[in-house]
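S.K.: One file is attached below, model05.txt, containing compact mmCIF, C-alpha atoms and all ligand atoms.
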```txt
# COMPACT_ATOMS: atom_id res chain seq x y z
CA MET A 1 18.90 5.95 -7.12
CA THR A 2 18.34 2.48 -8.56
CA LEU A 3 15.92 0.44 -6.52
CA ALA A 4 16.14 -3.33 -6.76
CA PHE A 5 13.45 -5.53 -8.24
CA ALA A 6 12.01 -8.34 -6.11
CA ARG A 7 14.45 -11.07 -4.97
CA THR A 8 17.47 -9.29 -6.50
CA GLY A 9 18.76 -6.93 -3.79
CA GLU A 10 21.20 -7.67 -1.01
CA ALA A 11 19.40 -9.16 1.98
CA ASP A 12 20.79 -9.20 5.49
CA GLU A 13 20.81 -12.93 6.34
CA ASP A 14 20.36 -12.17 10.06
CA LEU A 15 16.84 -10.93 9.29
CA ALA A 16 15.45 -14.38 8.46
CA PRO A 17 14.91 -15.60 12.06
CA ARG A 18 13.19 -12.31 12.99
CA LEU A 19 10.90 -12.54 9.96
CA GLU A 20 10.09 -16.17 10.79
CA ILE A 21 8.87 -15.07 14.23
CA ALA A 22 6.99 -12.16 12.62
CA ARG A 23 5.00 -14.64 10.44
CA GLN A 24 3.43 -16.05 13.59
CA LYS A 25 2.61 -12.66 15.12
CA GLN A 26 -0.47 -10.60 14.27
CA ASP A 27 -1.59 -7.36 15.90
CA PRO A 28 -2.84 -8.22 19.40
CA LEU A 29 -3.69 -4.60 20.28
CA ALA A 30 -6.11 -4.28 17.33
CA ASP A 31 -7.36 -7.88 17.55
CA ASP A 32 -8.26 -7.51 21.25
CA ALA A 33 -9.84 -4.09 20.67
CA LEU A 34 -11.98 -5.49 17.85
CA ALA A 35 -13.15 -8.36 20.07
CA GLU A 36 -14.25 -5.80 22.65
CA ILE A 37 -16.00 -3.66 20.01
CA LEU A 38 -17.89 -6.66 18.65
CA GLU A 39 -19.08 -7.58 22.15
CA SER A 40 -20.28 -4.02 22.81
CA LYS A 41 -23.50 -2.40 21.65
CA ALA A 42 -21.61 0.29 19.74
CA THR A 43 -22.87 0.82 16.17
CA GLY A 44 -21.64 2.66 13.09
CA ARG A 45 -18.28 2.59 11.40
CA LEU A 46 -15.41 0.76 13.04
CA PHE A 47 -13.57 3.95 14.01
CA ASP A 48 -16.69 5.40 15.67
CA ARG A 49 -17.20 2.16 17.54
CA LEU A 50 -13.59 2.30 18.75
CA VAL A 51 -14.22 5.86 19.99
CA ALA A 52 -17.38 4.70 21.78
CA CYS A 53 -15.49 1.87 23.50
CA ARG A 54 -12.24 3.71 24.22
CA LYS A 55 -12.69 3.52 28.03
CA GLN A 56 -12.71 -0.30 27.95
CA PRO A 57 -9.30 -1.92 28.55
CA ALA A 58 -8.38 -3.30 25.11
CA CYS A 59 -9.80 -0.34 23.19
CA LYS A 60 -8.07 2.02 25.62
CA ALA A 61 -4.73 0.31 24.99
CA LEU A 62 -5.17 0.62 21.19
CA TRP A 63 -6.43 4.20 21.50
CA GLU A 64 -3.38 5.18 23.54
CA GLN A 65 -0.96 3.49 21.14
CA VAL A 66 -2.42 5.24 18.07
CA HIS A 67 -2.18 8.57 19.90
CA SER A 68 1.49 8.13 20.84
CA VAL A 69 3.58 9.71 18.10
CA PRO A 70 7.08 8.20 17.96
CA SER A 71 9.94 10.68 18.42
CA TRP A 72 11.33 9.88 14.94
CA ALA A 73 8.14 10.94 13.10
CA ASP A 74 8.88 14.26 11.39
CA LYS A 75 6.34 16.02 9.19
CA SER A 76 8.98 18.20 7.55
CA VAL A 77 10.90 15.12 6.36
CA CYS A 78 7.71 13.46 5.05
CA GLN A 79 6.68 16.57 3.10
CA ALA A 80 9.15 16.21 0.21
CA GLY A 81 7.71 12.79 -0.62
CA ASN A 82 4.13 13.99 -0.54
CA THR A 83 4.79 17.12 -2.62
CA MET A 84 6.40 14.80 -5.16
CA ALA A 85 3.31 12.56 -5.12
CA PHE A 86 0.99 15.53 -5.77
CA SER A 87 3.29 16.70 -8.58
CA ASN A 88 2.77 13.33 -10.28
CA VAL A 89 -0.79 12.33 -9.47
CA VAL A 90 -1.62 10.16 -12.48
CA THR A 91 1.82 8.51 -12.61
CA SER A 92 1.53 7.84 -8.86
CA GLY A 93 -1.79 6.10 -9.47
CA LEU A 94 -0.30 3.97 -12.21
CA ALA A 95 2.76 3.12 -10.09
CA LEU A 96 0.55 2.13 -7.16
CA MET A 97 -1.71 -0.02 -9.28
CA CYS A 98 0.67 -1.67 -11.76
CA GLY A 99 3.56 -1.82 -9.26
CA SER A 100 2.52 -1.80 -5.61
CA LEU A 101 -0.85 -3.58 -5.73
CA ALA A 102 0.15 -6.13 -8.37
CA GLU A 103 3.38 -6.96 -6.56
CA SER A 104 1.55 -7.40 -3.25
CA PHE A 105 -0.21 -10.43 -4.81
CA VAL A 106 3.16 -12.07 -5.54
CA ALA A 107 3.52 -12.90 -1.82
CA ALA A 108 1.31 -15.96 -2.37
CA ASN A 109 0.91 -17.06 1.25
CA GLY A 110 -0.06 -13.60 2.47
CA ALA A 111 -2.39 -13.04 -0.48
CA LYS A 112 -4.46 -16.09 0.53
CA VAL A 113 -6.35 -13.65 2.77
CA LEU A 114 -7.36 -11.63 -0.30
CA THR A 115 -8.62 -14.61 -2.29
CA ARG A 116 -10.64 -15.64 0.76
CA THR A 117 -12.26 -12.26 1.44
CA GLY A 118 -12.81 -12.03 -2.33
CA ARG A 119 -13.31 -8.26 -2.45
CA LEU A 120 -10.52 -7.68 -4.97
CA LEU A 121 -11.94 -10.33 -7.24
CA SER A 122 -15.58 -9.21 -7.05
CA ASP A 123 -15.30 -5.43 -6.56
CA GLY A 124 -11.78 -4.66 -7.78
CA GLN A 125 -12.43 -1.23 -9.20
CA ARG A 126 -13.89 0.24 -6.01
CA ARG A 127 -11.21 -1.47 -3.92
CA VAL A 128 -8.51 0.23 -6.03
CA TYR A 129 -10.15 3.67 -5.75
CA GLU A 130 -10.50 3.21 -1.98
CA THR A 131 -6.82 2.38 -1.70
CA ALA A 132 -6.03 5.46 -3.82
CA ASP A 133 -8.23 7.55 -1.49
CA PHE A 134 -6.34 6.14 1.49
CA THR A 135 -2.92 7.02 0.03
CA THR A 136 -4.20 10.47 -0.98
CA ALA A 137 -5.38 11.16 2.59
CA ILE A 138 -1.94 10.16 3.92
CA ALA A 139 -0.20 12.44 1.41
CA GLU A 140 -2.60 15.34 2.18
CA CYS A 141 -1.82 15.10 5.90
CA ASN A 142 1.91 14.30 5.52
CA GLY A 143 1.27 11.10 7.44
CA PRO A 144 -1.41 9.80 9.80
CA TRP A 145 -1.08 12.46 12.50
CA PRO A 146 -3.66 11.99 15.28
CA GLY A 147 -6.76 14.12 14.69
CA THR A 148 -6.43 14.11 10.88
CA HIS A 149 -8.64 12.25 8.40
CA ALA A 150 -5.57 10.20 7.41
CA HIS A 151 -5.26 8.98 11.02
CA ARG A 152 -8.92 8.01 11.07
CA ASP A 153 -8.50 6.08 7.80
CA VAL A 154 -5.34 4.29 8.95
CA VAL A 155 -6.82 3.25 12.30
CA SER A 156 -9.97 2.09 10.49
CA VAL A 157 -7.93 -0.05 8.09
CA ARG A 158 -6.09 -1.51 11.09
CA LEU A 159 -9.46 -2.63 12.45
CA ILE A 160 -10.52 -3.88 8.99
CA HIS A 161 -7.39 -6.07 9.03
CA ALA A 162 -8.38 -7.36 12.47
CA MET A 163 -11.82 -8.19 11.05
CA ALA A 164 -10.24 -9.93 8.04
CA ARG A 165 -8.18 -12.11 10.43
CA ARG A 166 -11.37 -13.30 12.11
CA ASN A 167 -13.17 -13.87 8.81
CA VAL A 168 -10.58 -16.13 7.19
CA VAL A 169 -10.00 -18.56 10.06
CA ASP A 170 -12.11 -21.34 8.51
CA GLY A 171 -10.02 -23.43 6.16
CA TRP A 172 -6.86 -21.44 6.91
CA ASP A 173 -3.64 -23.46 6.44
CA ASP A 174 -1.10 -22.61 9.17
CA SER A 175 1.79 -23.31 6.79
CA TRP A 176 0.92 -19.92 5.21
CA GLY A 177 1.78 -18.14 8.49
CA ARG A 178 -0.91 -16.38 10.53
CA PRO A 179 -3.40 -14.31 8.46
CA VAL A 180 -2.33 -10.64 8.08
CA ASN A 181 0.81 -11.30 10.10
CA GLN A 182 3.68 -8.93 10.90
CA GLU A 183 5.90 -10.09 8.01
CA ASP A 184 3.09 -9.72 5.47
CA MET A 185 2.17 -6.30 6.87
CA LEU A 186 5.81 -5.21 6.59
CA GLY A 187 5.99 -6.59 3.02
CA THR A 188 2.77 -4.81 2.01
CA LEU A 189 3.92 -1.58 3.63
CA MET A 190 7.04 -1.61 1.45
CA MET A 191 4.80 -1.90 -1.63
CA PHE A 192 3.69 1.66 -0.86
CA SER A 193 7.24 2.93 -0.50
CA HIS A 194 10.07 0.88 -2.10
CA VAL A 195 7.94 -0.58 -4.91
CA TYR A 196 6.01 2.70 -5.42
CA ARG A 197 9.27 4.68 -5.71
CA ARG A 198 10.83 2.09 -8.02
CA SER A 199 7.71 2.06 -10.20
CA LEU A 200 7.61 5.85 -10.42
CA GLU A 201 11.20 5.84 -11.68
CA ALA A 202 10.35 3.14 -14.23
CA LEU A 203 7.48 5.35 -15.44
CA GLY A 204 9.74 8.39 -15.93
CA VAL A 205 9.71 10.25 -12.59
CA ASP A 206 13.20 10.60 -11.09
CA LEU A 207 13.08 11.24 -7.35
CA SER A 208 15.57 13.34 -5.36
CA PRO A 209 17.13 11.80 -2.21
CA ASP A 210 14.82 13.96 -0.06
CA GLU A 211 11.79 12.68 -1.96
CA HIS A 212 12.86 9.06 -1.50
CA LEU A 213 13.31 9.67 2.21
CA GLY A 214 10.03 11.58 2.47
CA VAL A 215 8.06 8.65 1.05
CA ASN A 216 10.01 6.17 3.19
CA GLN A 217 9.35 8.11 6.41
CA THR A 218 5.68 8.75 5.59
CA TRP A 219 5.15 5.00 5.31
CA ARG A 220 7.32 4.20 8.32
CA PHE A 221 4.96 6.38 10.35
CA THR A 222 1.90 4.88 8.63
CA GLY A 223 3.20 1.38 9.40
CA PHE A 224 3.52 2.34 13.07
CA MET A 225 -0.12 3.45 13.19
CA LEU A 226 -1.22 0.36 11.20
CA GLY A 227 0.20 -1.97 13.83
CA VAL A 228 3.52 -3.04 12.30
CA ASP A 229 5.93 -3.62 15.21
CA GLU A 230 8.16 -0.59 15.59
CA ASP A 231 11.37 -2.65 15.60
CA LEU A 232 10.46 -4.17 12.21
CA LEU A 233 9.84 -0.87 10.43
CA PRO A 234 12.28 0.41 7.79
CA THR A 235 14.22 3.27 9.42
CA SER A 236 15.82 4.60 6.22
CA VAL A 237 15.76 4.11 2.45
CA ASP A 238 18.77 1.74 2.60
CA HIS A 239 17.34 -0.23 5.51
CA GLU A 240 14.09 -0.57 3.57
CA ALA A 241 15.99 -1.92 0.54
CA GLN A 242 17.53 -4.63 2.76
CA LEU A 243 14.20 -5.54 4.35
CA TYR A 244 12.55 -5.65 0.93
CA ALA A 245 15.26 -7.97 -0.41
CA ALA A 246 14.85 -10.26 2.61
CA VAL A 247 11.03 -10.39 2.52
CA SER A 248 10.82 -10.76 -1.26
CA LYS A 249 13.37 -13.61 -1.27
CA ARG A 250 11.40 -15.40 1.45
CA GLN A 251 7.86 -14.79 0.27
CA PHE A 252 7.65 -13.97 -3.44
CA THR A 253 6.58 -17.23 -5.05
CA PRO A 254 3.50 -16.31 -7.07
CA ASP A 255 0.88 -19.00 -7.66
CA ALA A 256 -2.42 -19.32 -9.52
CA ASP A 257 -4.18 -17.13 -6.91
CA SER A 258 -1.54 -14.40 -7.41
CA ARG A 259 -2.21 -14.50 -11.15
CA ALA A 260 -5.99 -14.47 -10.67
CA LEU A 261 -5.78 -11.41 -8.37
CA THR A 262 -3.46 -9.54 -10.75
CA HIS A 263 -5.58 -10.22 -13.83
CA ALA A 264 -8.77 -9.31 -11.94
CA LEU A 265 -7.12 -6.02 -10.94
CA PHE A 266 -6.02 -5.10 -14.47
CA ASP A 267 -9.36 -6.15 -15.99
CA ALA A 268 -11.28 -4.10 -13.41
CA MET A 269 -9.15 -1.00 -14.12
CA ALA A 270 -9.10 -1.29 -17.92
CA ASN A 271 -10.49 1.72 -19.80
CA VAL A 272 -11.56 3.61 -16.65
CA PRO A 273 -10.33 6.89 -15.10
CA PRO A 274 -7.74 8.17 -14.66
CA PHE A 275 -5.70 6.08 -17.13
CA PHE A 276 -8.25 5.10 -19.78
CA LEU A 277 -5.85 2.36 -20.91
CA PRO A 278 -6.88 -1.08 -22.14
CA ALA A 279 -5.83 -4.11 -20.09
CA VAL A 280 -2.99 -4.96 -22.53
CA ALA A 281 -1.47 -1.52 -21.95
CA LEU A 282 -1.72 -1.99 -18.17
CA HIS A 283 0.10 -5.31 -18.63
CA GLU A 284 2.95 -3.50 -20.42
CA ALA A 285 3.06 -0.79 -17.71
CA GLY A 286 3.09 -3.63 -15.16
CA ARG A 287 6.09 -5.20 -16.90
CA LEU A 288 8.02 -1.93 -16.48
CA CYS A 289 7.07 -1.56 -12.82
CA LEU A 290 7.61 -5.19 -11.77
CA GLY A 291 10.45 -6.26 -14.04
CA ASP A 292 10.21 -9.06 -16.62
CA GLU A 293 10.86 -11.95 -14.22
CA ILE A 294 7.94 -11.25 -11.89
CA ALA A 295 5.79 -10.07 -14.84
CA ASP A 296 6.33 -13.43 -16.57
CA GLU A 297 5.47 -15.31 -13.37
CA LEU A 298 2.25 -13.29 -13.18
CA ASP A 299 1.56 -14.07 -16.83
CA LEU A 300 1.45 -10.42 -17.90
CA LYS A 301 1.04 -10.35 -21.66
CA ARG A 302 3.48 -8.76 -24.07
CA HIS A 303 2.01 -6.52 -26.72
CA PRO A 304 4.64 -4.93 -29.02
CA ARG A 305 2.48 -1.99 -30.12
CA TRP A 306 1.59 -1.09 -26.53
CA GLU A 307 5.18 -1.65 -25.46
CA ARG A 308 6.26 1.09 -27.92
CA THR A 309 3.37 3.35 -26.90
CA ILE A 310 4.10 3.00 -23.18
CA ALA A 311 7.83 3.64 -23.84
CA ALA A 312 6.87 6.86 -25.69
CA LEU A 313 4.54 7.87 -22.82
CA VAL A 314 7.37 7.29 -20.33
CA ARG A 315 9.68 9.57 -22.37
CA ALA A 316 7.00 12.27 -22.52
CA ASN A 317 6.33 11.84 -18.80
CA ARG A 318 10.03 12.27 -17.99
CA THR A 319 9.97 15.66 -19.74
CA ARG A 320 6.70 16.65 -18.03
CA ALA A 321 8.04 15.67 -14.58
CA ALA A 322 11.26 17.62 -15.17
CA VAL A 323 9.36 20.74 -16.34
CA ALA A 324 6.97 20.47 -13.34
CA ARG A 325 9.97 20.88 -11.01
CA HIS A 326 10.19 24.53 -12.11
CA VAL A 327 6.66 25.21 -10.80
CA PRO A 328 6.64 26.43 -7.17
CA GLU A 329 5.93 23.59 -4.70
CA GLY A 330 2.77 25.21 -3.27
CA ALA A 331 1.18 25.49 -6.71
CA ARG A 332 2.14 21.92 -7.64
CA THR A 333 0.62 20.59 -4.42
CA ARG A 334 -2.62 22.57 -4.87
CA VAL A 335 -3.07 21.43 -8.47
CA GLY A 336 -2.21 17.83 -7.56
CA ARG A 337 -4.67 17.78 -4.66
CA LEU A 338 -7.40 19.16 -6.91
CA MET A 339 -6.68 16.54 -9.56
CA ALA A 340 -6.66 13.71 -7.01
CA SER A 341 -9.88 14.83 -5.37
CA SER A 342 -11.72 15.28 -8.67
CA ILE A 343 -10.59 11.84 -9.94
CA LEU A 344 -11.72 10.24 -6.68
CA ALA A 345 -14.96 12.25 -6.50
CA THR A 346 -16.03 10.92 -9.90
CA SER A 347 -14.99 7.38 -9.03
CA LEU A 348 -16.07 7.01 -5.39
CA ASP A 349 -19.54 8.04 -4.26
CA GLU A 350 -18.51 9.16 -0.78
CA ARG A 351 -15.46 9.85 1.36
CA GLY A 352 -14.96 8.37 4.81
CA LYS A 353 -16.13 4.98 3.62
CA PHE A 354 -14.41 2.95 6.34
C1 LIG A 401 0.61 -2.83 6.20
C2 LIG A 401 0.37 -2.50 4.96
C3 LIG A 401 -1.04 -2.48 4.41
C4 LIG A 401 -1.71 -1.40 3.94
C5 LIG A 401 -1.16 0.02 3.81
C6 LIG A 401 -3.04 -1.84 3.61
C7 LIG A 401 -4.04 -1.03 3.09
C8 LIG A 401 -5.37 -1.38 3.05
C9 LIG A 401 -6.45 -0.51 2.71
C10 LIG A 401 -6.30 0.94 2.31
C11 LIG A 401 -7.60 -1.20 2.81
C12 LIG A 401 -9.02 -0.67 2.62
C13 LIG A 401 -9.51 -0.93 1.23
C14 LIG A 401 -11.00 -1.12 1.25
O1 LIG A 401 -11.72 -0.19 1.59
O2 LIG A 401 -11.46 -2.21 0.96
C15 LIG A 401 -7.26 -2.53 3.19
C16 LIG A 401 -8.16 -3.54 3.36
C17 LIG A 401 -7.79 -4.84 3.47
N1 LIG A 401 -6.52 -5.32 3.57
FE1 LIG A 401 -4.86 -4.26 3.77
N2 LIG A 401 -3.14 -3.17 3.85
C18 LIG A 401 -1.94 -3.61 4.34
C19 LIG A 401 -1.62 -4.90 4.66
C20 LIG A 401 -2.43 -5.98 4.40
C21 LIG A 401 -2.05 -7.36 4.46
C22 LIG A 401 -0.65 -7.90 4.78
C23 LIG A 401 -3.14 -8.09 4.16
C24 LIG A 401 -3.20 -9.58 4.04
C25 LIG A 401 -3.28 -10.09 2.84
C26 LIG A 401 -4.23 -7.18 3.95
C27 LIG A 401 -5.54 -7.55 3.67
C28 LIG A 401 -6.59 -6.68 3.60
C29 LIG A 401 -7.98 -7.10 3.52
C30 LIG A 401 -8.48 -8.52 3.52
C31 LIG A 401 -8.74 -5.94 3.44
C32 LIG A 401 -10.29 -5.83 3.38
C33 LIG A 401 -10.73 -5.64 1.93
C34 LIG A 401 -10.57 -6.88 1.11
O3 LIG A 401 -11.10 -7.92 1.48
O4 LIG A 401 -9.86 -6.82 0.08
N3 LIG A 401 -3.76 -5.91 4.07
N4 LIG A 401 -5.90 -2.62 3.34
```
In structure tokens, what does this structure look like?

M.R.:
Amino acid sequence: MTLAFARTGEADEDLAPRLEIARQKQDPLADDALAEILESKATGRLFDRLVACRKQPACKALWEQVHSVPSWADKSVCQAGNTMAFSNVVTSGLALMCGSLAESFVAANGAKVLTRTGRLLSDGQRRVYETADFTTAIAECNGPWPGTHAHRDVVSVRLIHAMARRNVVDGWDDSWGRPVNQEDMLGTLMMFSHVYRRSLEALGVDLSPDEHLGVNQTWRFTGFMLGVDEDLLPTSVDHEAQLYAAVSKRQFTPDADSRALTHALFDAMANVPPFFLPAVALHEAGRLCLGDEIADELDLKRHPRWERTIAALVRANRTRAAVARHVPEGARTRVGRLMASSILATSLDERGKF
């Protein structure tokens, strides 16, 4: 399956008015619950404070919504995508970093939140490992099923987003849309599915149709729990491609902040586990994942020697990924989980950081 690069796919023109409305809508369930939490005496991590306040009206409404599993959520469909992710742990990390995270900065208006909170600029390495920990938890649990650690992480991030909305109000320009709005949440969600899958293929991992669908449905379910309106969520791989084309055509106009975030990300992750690649090599990997047009707009450098080296690594990776398919799924998942947890254990000092 060939997945389109940003702004190139076929967008359904009828989507534009819905996305325009979505730019003005945030996540009232989480925003109201956070207001209640902050007025209460509850202490500790945001999720624990939500639990403590769950009898109060706004927290109760959020609590009930994140415990209502939609009828379309199906663990057995999600599984193929997550087994694939554990079969390709290091490539998944590279695809998420050089593809998904970097491309999320291209949506310049949405990314204004990130330049304002500043965490990616000042503490990029830890922020990347935390995002990797978050995606690993989701893959381990085949989605954020209530009662799992993935559910706890996803609900916590939903409250972190509500906190970010409050923190960036000063100096916010309404022409950017509302901070962390529904369109930006949808766009970012697709970074973890459409852009992740496209980047994996660019890095030498060919996905089966079931694996594409498994990733798509895992993130559809994650989006539901993260507060993306259910009627905006991508229902299938093809639907996601159309939504991605529409959002990327509307929002992908990178600016100086987009470039600053991308370069801060690659500098923070240069020469550290699990890639141990210099920044120039990450730029070349980024060019493969994002395509030359977006890579040029982000000012990703060309480096002929690293271009050849990355091309050779992609060829070797294609062979490795094909050979790995002959290993039984259970063994691949166990090895992948072990690799992911040991990479994260050496890079993050504790789990459950939200
Ligand atoms: C719906 C898809 C999204 C996913 C899966 C997602 C994922 C995450 C994760 C895992 C974290 C925690 C990282 C940490 O511990 O610092 C986080 C934090 C954060 N996210 Fe999101 N996010 C999404 C959408 C967005 C959007 C649209 C924005 C707006 C730009 C945003 C802004 C933030 C901010 C400001 C933080 C706090 C950390 C920081 O300041 O960088 N997120 N998100």

S.K.: Interatomic distance between atom CA of Ala270 of chain A and atom CA of Ser342 of chain A?

M.R.: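 Atom-to-atom, atom CA of Ala270 of chain A to atom CA of Ser342 of chain A, that is 19.2 Å.
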
S.K.: Just to confirm, what's the straight-line distance from atom CA of Ala311 of chain A to atom CA of Val128 of chain A in Å (one decimal)?

M.R.: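 Pair atom CA of Ala311 of chain A / atom CA of Val128 of chain A returns 24.4 Å.
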
S.K.: In Å, with one decimal, what is the gap from atom CA of Ser193 of chain A to atom CA of Trp63 of chain A?

M.R.: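 Between atom CA of Ser193 of chain A and atom CA of Trp63 of chain A the gap works out to 25.9 Å.
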
S.K.: Nearest to ligand LIG 401 (chain A): which of A:Phe5, A:Phe47, A:Trp219, A:Phe86 is it, counting only C-alpha atoms and all ligand atoms?

M.R.: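 Distance minimum relative to ligand LIG 401 (chain A) lands on A:Trp219.
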
S.K.: Could you check which of A:Asp257, A:Glu103, A:Asp174, A:Asp32 is closest to Arg116 of chain A, using only C-alpha atoms?

M.R.: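 The shortest atom-to-atom distance to Arg116 of chain A comes from A:Asp257.
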
S.K.: If you take only C-alpha atoms and all ligand atoms and a cut-off of 6 Å, which residues of chain A touch ligand LIG 401 (chain A), and what are their nearest atom pairs and distances in Å to one decimal, in chain and number order, as a tab-separated table?

M.R.:
```
residue	atom	partner	partner_atom	distance
A:Gly110	CA	A:LIG401	C25	4.8
A:Ala111	CA	A:LIG401	C25	4.5
A:Val113	CA	A:LIG401	C25	4.7
A:Leu114	CA	A:LIG401	C30	5.1
A:Thr117	CA	A:LIG401	O3	4.5
A:Gly118	CA	A:LIG401	O3	5.9
A:Arg119	CA	A:LIG401	O4	4.5
A:Leu120	CA	A:LIG401	O4	5.2
A:Arg127	CA	A:LIG401	O2	4.9
A:Glu130	CA	A:LIG401	O1	5.1
A:Thr131	CA	A:LIG401	C10	4.3
A:Phe134	CA	A:LIG401	C10	5.3
A:Val157	CA	A:LIG401	C11	5.4
A:Ile160	CA	A:LIG401	C32	5.9
A:His161	CA	A:LIG401	C28	5.5
A:Ala164	CA	A:LIG401	C30	5.1
A:Val180	CA	A:LIG401	C24	4.3
A:Asp184	CA	A:LIG401	C22	4.2
A:Met185	CA	A:LIG401	C22	3.9
A:Leu186	CA	A:LIG401	C1	5.7
A:Thr188	CA	A:LIG401	C2	4.4
A:Leu189	CA	A:LIG401	C2	3.9
A:Gly223	CA	A:LIG401	C1	5.9
```

S.K.: Hey, can you spit out that residue selection with C-alpha atoms as an mmCIF file, keeping the file's coordinate frame?

M.R.:
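What landed in result_21.cif:
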```cif
data_model
loop_
_atom_site.group_PDB
_atom_site.id
_atom_site.type_symbol
_atom_site.label_atom_id
_atom_site.label_comp_id
_atom_site.auth_asym_id
_atom_site.auth_seq_id
_atom_site.Cartn_x
_atom_site.Cartn_y
_atom_site.Cartn_z
ATOM 1 C CA GLY A 110 -0.060 -13.600 2.470
ATOM 2 C CA ALA A 111 -2.390 -13.040 -0.480
ATOM 3 C CA VAL A 113 -6.350 -13.650 2.770
ATOM 4 C CA LEU A 114 -7.360 -11.630 -0.300
ATOM 5 C CA THR A 117 -12.260 -12.260 1.440
ATOM 6 C CA GLY A 118 -12.810 -12.030 -2.330
ATOM 7 C CA ARG A 119 -13.310 -8.260 -2.450
ATOM 8 C CA LEU A 120 -10.520 -7.680 -4.970
ATOM 9 C CA ARG A 127 -11.210 -1.470 -3.920
ATOM 10 C CA GLU A 130 -10.500 3.210 -1.980
ATOM 11 C CA THR A 131 -6.820 2.380 -1.700
ATOM 12 C CA PHE A 134 -6.340 6.140 1.490
ATOM 13 C CA VAL A 157 -7.930 -0.050 8.090
ATOM 14 C CA ILE A 160 -10.520 -3.880 8.990
ATOM 15 C CA HIS A 161 -7.390 -6.070 9.030
ATOM 16 C CA ALA A 164 -10.240 -9.930 8.040
ATOM 17 C CA VAL A 180 -2.330 -10.640 8.080
ATOM 18 C CA ASP A 184 3.090 -9.720 5.470
ATOM 19 C CA MET A 185 2.170 -6.300 6.870
ATOM 20 C CA LEU A 186 5.810 -5.210 6.590
ATOM 21 C CA THR A 188 2.770 -4.810 2.010
ATOM 22 C CA LEU A 189 3.920 -1.580 3.630
ATOM 23 C CA GLY A 223 3.200 1.380 9.400
#
```

S.K.: Which one is closest to Lys249 of chain A: A:Ser68, A:Leu348, A:Gly187, A:Arg178? Count only C-alpha atoms.

M.R.: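 Selected residue with least distance to Lys249 of chain A: A:Gly187.
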
S.K.: Could you list as a VMD selection string every residue that has an atom within 12 Å of (-11.6, 1.1, 23.3), using the file's coordinates and counting all atoms listed in the file?

M.R.: chain A and resid 29 to 40 42 46 to 66 159

S.K.: Pull the neighbourhood of (14.5, 15.7, 0.6) for me: all residues within 9 Å in file coordinates, counting only C-alpha atoms, as a list in words.

M.R.: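 Output of the proximity query reads Val77, Cys78, Gln79, Ala80, Gly81, Ser208, Pro209, Asp210, Glu211, His212, Leu213 and Gly214 of chain A.
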
S.K.: Using all atoms listed in the file for the distances, tell me which of A:Asp206, A:Glu10, A:Glu307, A:Asp299 is nearest to Ala285 of chain A.

M.R.: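 Counting all atoms listed in the file, the residue closest to Ala285 of chain A is A:Glu307.
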
S.K.: For a quick check of understanding, using only C-alpha atoms, which of A:Ala241, A:Leu96, A:Ala340, A:Met84 has the smallest distance to Ala322 of chain A?

M.R.: A:Met84

S.K.: Pick from A:Thr136, A:Trp72, A:Arg337, A:Ala321: nearest to Pro234 of chain A, with all atoms listed in the file counted?

M.R.: A:Trp72

S.K.: Might you pull out every residue within 7 Å of segment 19-26 of chain A, with all atoms listed in the file counted and same-chain residues fewer than 3 positions away left off, and present them as a PyMOL selection string?

M.R.: chain A and resi 15-16+177-178+180-183

S.K.: I want to know what sits within 10 Å of Tyr196 of chain A, based on only C-alpha atoms, with residues of the same chain fewer than 2 positions away left out; could you give that as a list in words?

M.R.: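 Counting only the stated atoms, we get Ser92, Gly93, Leu94, Ala95, Leu96, Met97, Cys98, Gly99, Ser100, Leu101, Met190, Met191, Phe192, Ser193, His194, Arg198, Ser199, Leu200, Glu201, Ala202, Val215 and Cys289 of chain A.
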
S.K.: Name the residues in contact with Gln242 of chain A at a cut-off of 7 Å, using all atoms listed in the file, excluding same-chain residues fewer than 4 positions from it; report them as a short mmCIF file (atom, residue, chain, number, x, y, z; two decimals) with C-alpha atoms, in the frame of the given file.

M.R.:
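Result written to result-v3.cif:
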```cif
data_model
loop_
_atom_site.label_atom_id
_atom_site.label_comp_id
_atom_site.auth_asym_id
_atom_site.auth_seq_id
_atom_site.Cartn_x
_atom_site.Cartn_y
_atom_site.Cartn_z
CA GLU A 10 21.20 -7.67 -1.01
CA ALA A 11 19.40 -9.16 1.98
CA ASP A 12 20.79 -9.20 5.49
CA ASP A 238 18.77 1.74 2.60
CA ALA A 246 14.85 -10.26 2.61
#
```
